[in-house]
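Student: Handing you a structure now.
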Amino acid sequence: MNTRRDLLKHTGGGFGYVAFAALAHSESGSPLAVKQPHFAARAKRVIFLCMRGAPSHVDTFDHKPKLTEADGKDGRAPGTKLHGSQWKFSPQGKSGLPVSELFPHLSKHADELCLINSMHTDLPAHPQAFLKLHTGNSQFVRPSLGAWTLYGLGTTNENLPGFVTITPPTLFGGAQNYGSAFLPAIYQGTRVGVDARPIVNARVRNIAPPVGDEAQRKEIDLVQALDREKLARDRFNPEVEGAIESFELAFKMQSEMPKVMDISKESKQTFDAYGIGEGRATDDFGRKCLLARRMAEAGVRFVEVTHSDWDHHFKISKDLPVACEAVDQPIAALLADLQSRGMLKDTLVVWSGEFGRTPHGQGADGRDHNNKGFTAWMAGGGVRGGLRHGSTDELGYEAVEDRMHIHDLHATILHLLGLDHERLTYRYAGRDFRLTDVKGVVAKKILA
């Protein structure tokens, strides 16, 4: 791929800024080569902590005293009653950021957190909202946020995947949530583990070589030659292109990926900090967070970590504390670990579910879906810590101040990475596509 024409064949005709940036790196032959951002970046990498199922914002990070006072009164929906939070909020850190008692460990990092209390999305249905959170579109197959990030910036370690997703769900869009869609297949996420299964035994499959290095190299070269002949005939074939790139990446990953995945040499102090230990409620998510730190430190550009137990229509008084306990200490340890290594300043940590939950109850002990108002938070990576950005109304039904849509969240994440969401485009099917479609406003108030 040494000419502009070859580049356009490879990219399906992309004329966006990054497509031309890739041309400058074509001598390396790698689409994962580091690319210059549009402007000075505040963050170099992203760790996205995804809470699948929609956490209740009014019980975690969106303090609503008026809702507590109105407990038992009629809600906005016919036949519903308002439910004040069962858990106390208190000001934390020098900033006095209000955090629920469900997060005793994370609350100690309040001065690093930027609470975005004014999130909203389009639909109150899990599959559509989850896809929207990850791809910016719930109707069509589109590249994921991680894929756009990798496409825009490349990766600093080409012996590892640039985008890794840890135990993503098989439901709610499945692989679309970490897919590359019409972007080159090399930008899709590499899955580690399976949703609802412990991460402890998870491995990247089919990575161990069945033969020696020299024989394997010859075997791969033969297969690659056949694939390139096929690609030359077809001119555009994402599946073949993906096979070519994945074979090369897998060959490079063989020595380095197992080392990154092996946490056995971490100290007992580190294990204790993350809550890792057999029988501990924090063991599984602690392992995931530690893996995320190791991957980020090794040069992975975008790491997503999923926890899937937040759909609390019933038994919220029992199940919400269980979910919070599972993630609270590991996330706090991740922030502290990044900070101690000097990485938090340029690592953007994002926490969010696909939407929130209603201030009124569902049944005797639950909350229903709420897409009109919920909370996400960010830390590190150039955001202002100890900040409460935007707000929902006094009961927590909908975002009313500094409203932040999913498109705005995506635009802001890309901005922190030094990417202009309006310029990060890819030409496909006769038009320039971008993550934020024709929308998205950067939330400049949260920038440090």
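All residue names refer to the structure tokens as shown: chains lettered A, B, ... in order, residues numbered from 1 in each chain, ligands numbered from 1 in order.
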Which stretch 277-396 of chain A residues have any atom within 10 Å of an atom of stretch 151-172 of chain A, and for each, what is the nearest pair of atoms with distance in Å to one decimal, counting only C-alpha atoms, rows sorted by chain and number, as CSV?
Tutor:
residue,atom,partner,partner_atom,distance
A:Lys288,CA,A:Ile166,CA,7.0
A:Cys289,CA,A:Ile166,CA,9.4
A:Leu291,CA,A:Ile166,CA,8.8
A:Ala292,CA,A:Ile166,CA,8.3
A:Met295,CA,A:Val164,CA,8.4
A:Ala296,CA,A:Gly162,CA,9.5
A:Ala298,CA,A:Asn157,CA,7.2
A:Gly299,CA,A:Asn157,CA,5.1
A:Val300,CA,A:Gly162,CA,4.7
A:Arg301,CA,A:Gly162,CA,5.1
A:Phe302,CA,A:Phe163,CA,4.8
A:Val303,CA,A:Val164,CA,4.9
A:Glu304,CA,A:Thr165,CA,4.6
A:Val305,CA,A:Ile166,CA,4.9
A:Thr306,CA,A:Pro168,CA,5.8
A:His307,CA,A:Thr167,CA,8.0
A:Ser308,CA,A:Pro169,CA,7.7
Student: Suppose we keep N, CA and C atoms; can you now write the selection as a short mmCIF file (atom, residue, chain, number, x, y, z; two decimals), in the first residue's frame?
Tutor:
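Writing the result to out_19.cif gives the following:
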data_model
loop_
_atom_site.label_atom_id
_atom_site.label_comp_id
_atom_site.auth_asym_id
_atom_site.auth_seq_id
_atom_site.Cartn_x
_atom_site.Cartn_y
_atom_site.Cartn_z
N LYS A 288 -10.75 -7.91 36.34
CA LYS A 288 -10.98 -7.18 35.10
C LYS A 288 -10.32 -5.81 35.13
N CYS A 289 -10.46 -5.11 36.25
CA CYS A 289 -9.87 -3.77 36.36
C CYS A 289 -8.35 -3.84 36.35
N LEU A 291 -6.58 -6.17 34.84
CA LEU A 291 -6.23 -6.44 33.45
C LEU A 291 -6.30 -5.16 32.61
N ALA A 292 -7.33 -4.34 32.87
CA ALA A 292 -7.46 -3.09 32.13
C ALA A 292 -6.26 -2.19 32.36
N MET A 295 -3.25 -3.66 30.48
CA MET A 295 -3.37 -3.46 29.04
C MET A 295 -3.10 -2.01 28.67
N ALA A 296 -3.66 -1.08 29.44
CA ALA A 296 -3.44 0.34 29.17
C ALA A 296 -1.96 0.68 29.29
N ALA A 298 0.49 -1.32 28.84
CA ALA A 298 1.25 -1.99 27.77
C ALA A 298 1.03 -1.35 26.41
N GLY A 299 0.10 -0.39 26.31
CA GLY A 299 -0.06 0.33 25.07
C GLY A 299 -1.38 0.14 24.36
N VAL A 300 -2.34 -0.60 24.95
CA VAL A 300 -3.66 -0.74 24.34
C VAL A 300 -4.37 0.61 24.40
N ARG A 301 -4.90 1.05 23.29
CA ARG A 301 -5.48 2.39 23.20
C ARG A 301 -6.84 2.50 23.89
N PHE A 302 -7.68 1.48 23.75
CA PHE A 302 -9.05 1.54 24.27
C PHE A 302 -9.38 0.21 24.92
N VAL A 303 -9.72 0.24 26.20
CA VAL A 303 -10.10 -0.97 26.94
C VAL A 303 -11.50 -0.76 27.50
N GLU A 304 -12.39 -1.70 27.22
CA GLU A 304 -13.72 -1.66 27.83
C GLU A 304 -13.88 -2.83 28.79
N VAL A 305 -14.45 -2.54 29.95
CA VAL A 305 -14.70 -3.56 30.97
C VAL A 305 -16.19 -3.53 31.30
N THR A 306 -16.86 -4.67 31.19
CA THR A 306 -18.30 -4.73 31.39
C THR A 306 -18.66 -5.44 32.68
N HIS A 307 -19.61 -4.85 33.40
CA HIS A 307 -20.27 -5.52 34.52
C HIS A 307 -21.76 -5.52 34.22
N SER A 308 -22.41 -6.65 34.38
CA SER A 308 -23.73 -6.82 33.75
C SER A 308 -24.93 -6.95 34.70
#
Student: Among the residues of stretch 233-304 of chain A, find those DSSP assigns to helix (DSSP H, G or I) from the backbone and print them as an MDAnalysis selection string.
Tutor: chainID A and resid 233:234 238:261 268:274 283:298
Student: Give one line per residue of stretch 327-355 of chain A that approaches stretch 114-137 of chain A to at most 12 Å, naming the two atoms of the closest pair and their distance in Å to one decimal, counting only C-alpha atoms; sort by chain then ascending residue number and deliver it as a Markdown table.
Tutor:
| residue | atom | partner | partner_atom | distance |
| --- | --- | --- | --- | --- |
| A:Leu348 | CA | A:Cys114 | CA | 11.2 |
| A:Val349 | CA | A:Cys114 | CA | 10.3 |
| A:Val350 | CA | A:Cys114 | CA | 9.6 |
| A:Trp351 | CA | A:Leu115 | CA | 9.6 |
| A:Ser352 | CA | A:Leu133 | CA | 8.9 |
| A:Gly353 | CA | A:Phe130 | CA | 7.9 |
| A:Glu354 | CA | A:Phe130 | CA | 5.1 |
| A:Phe355 | CA | A:Thr121 | CA | 6.9 |
Student: Using only C-alpha atoms, which residues of stretch 87-181 of chain A come within 7 Å of stretch 55-75 of chain A, and what is the closest atom pair for each, with the distance in Å to one decimal? Give it as a Markdown table, sorted by chain and residue number.
Tutor:
| residue | atom | partner | partner_atom | distance |
| --- | --- | --- | --- | --- |
| A:Trp87 | CA | A:Asp59 | CA | 6.6 |
| A:Phe89 | CA | A:His63 | CA | 6.5 |
| A:Pro98 | CA | A:His63 | CA | 6.5 |
| A:Val99 | CA | A:Phe61 | CA | 5.3 |
| A:Ser100 | CA | A:Thr60 | CA | 5.0 |
| A:Leu102 | CA | A:Thr60 | CA | 6.8 |
| A:Asn117 | CA | A:Asp62 | CA | 6.2 |
Student: Between atom CA of A:Ala326 and atom CA of A:Phe314, what is the spacing in Å?
Tutor: 18.6 Å
Student: May I ask which of the residues A:Glu101, A:Glu266, A:Asp195, A:Asp221 is the closest one to A:Glu325, counting only C-alpha atoms?
Tutor: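 Checking each candidate against A:Glu325, we get A:Glu101 as the closest.
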Student: For atom CA of A:Gly396 and atom CA of A:Gly380, quote the distance in Å rounded to one decimal.
Tutor: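 Result for atom CA of A:Gly396 versus atom CA of A:Gly380: 26.4 Å, one decimal.
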Student: To one decimal place in Å, what is the distance between atom CA of A:Thr190 and atom CA of A:Tyr428?
Tutor: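 Atom CA of A:Tyr428 lies at a distance of 23.3 Å from atom CA of A:Thr190.
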Student: Need to verify the contact set: A:Leu231, 8 Å, only C-alpha atoms, exclusion of same-chain residues closer than 4 positions in sequence. Can you return it as JSON, numbers by chain?
Tutor: {"A": [227, 235, 236, 237, 240, 241]}
Student: How would the residues just picked look written out with N, CA and C atoms as a PDB file, in the first residue's frame?
Tutor:
ATOM      1  N   ASP A 227      -4.806 -14.999   0.442  1.00  0.00           N
ATOM      2  CA  ASP A 227      -5.824 -14.006   0.813  1.00  0.00           C
ATOM      3  C   ASP A 227      -5.648 -12.712   0.019  1.00  0.00           C
ATOM      4  N   ARG A 235     -11.317  -6.567  -4.937  1.00  0.00           N
ATOM      5  CA  ARG A 235     -11.092  -5.135  -4.727  1.00  0.00           C
ATOM      6  C   ARG A 235     -11.538  -4.691  -3.333  1.00  0.00           C
ATOM      7  N   PHE A 236     -12.719  -5.082  -2.898  1.00  0.00           N
ATOM      8  CA  PHE A 236     -13.170  -4.716  -1.546  1.00  0.00           C
ATOM      9  C   PHE A 236     -13.854  -5.924  -0.930  1.00  0.00           C
ATOM     10  N   ASN A 237     -13.254  -6.469   0.116  1.00  0.00           N
ATOM     11  CA  ASN A 237     -13.820  -7.621   0.815  1.00  0.00           C
ATOM     12  C   ASN A 237     -13.399  -7.526   2.283  1.00  0.00           C
ATOM     13  N   VAL A 240     -12.050 -10.803   4.085  1.00  0.00           N
ATOM     14  CA  VAL A 240     -10.698 -11.220   3.715  1.00  0.00           C
ATOM     15  C   VAL A 240      -9.675 -10.244   4.286  1.00  0.00           C
ATOM     16  N   GLU A 241      -9.981  -8.965   4.176  1.00  0.00           N
ATOM     17  CA  GLU A 241      -9.091  -7.947   4.733  1.00  0.00           C
ATOM     18  C   GLU A 241      -8.888  -8.171   6.234  1.00  0.00           C
TER      19      GLU A 241
END
Student: If you count only C-alpha atoms, which residues fall within 7 Å of A:Thr282, apart from same-chain ones fewer than 3 positions away, as a list in words?
Tutor: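 Selected residues are Gly275, Ile276, Phe285, Gly286, Glu325, Ala326, Val327 and Pro330 of chain A.
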Student: Please identify which residues in stretch 82-163 of chain A DSSP calls strand (DSSP E) from the backbone, and express them as a list in words.
Tutor: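 Restricting stretch 82-163 of chain A to strand (DSSP E) produces Phe89, Ser90, Pro91, Gln92, Leu97, Pro98, Val99, Ser100, Leu113, Cys114, Leu115, Ile116, Asn117, Ser118, Met119, His120 and Phe163 of chain A.
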Student: A:Gly96: which residues within 12 Å, counting only C-alpha atoms, same-chain residues fewer than 6 positions away excluded, as a list in words?
Tutor: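 The filter keeps Phe89, Ser90, Ser107, Lys108, His109, Ala110, Asp111, Glu112, Leu113, Gly385, Gly386, Leu387 and Arg388 of chain A.
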Student: So which one's closest to A:Gly193, A:Leu417, A:Leu447, A:Met261, A:Val438? Using only C-alpha atoms, please.
Tutor: A:Met261
Student: Which residues are close to A:Thr347, i.e. within 12 Å by only C-alpha atoms, leaving aside same-chain residues fewer than 4 positions away? Reply as a VMD selection string.
Tutor: chain A and resid 41 to 48 292 to 293 295 to 297 299 to 303 334 to 335 337 to 339 341 to 343 378 to 383 413 416 to 417
Student: Within 9 Å of stretch 309-311 of chain A, counting only C-alpha atoms, which residues show up once you throw out same-chain ones fewer than 6 positions away? Write them as a list of chain:residue names, please.
Tutor: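 Returned residues: A:Met51, A:Arg52, A:Gly53, A:Ala54, A:Pro55, A:Ser56, A:Asp319, A:Leu320, A:Val322, A:Ala323, A:Gly353, A:Arg367, A:Asp368, A:His369.
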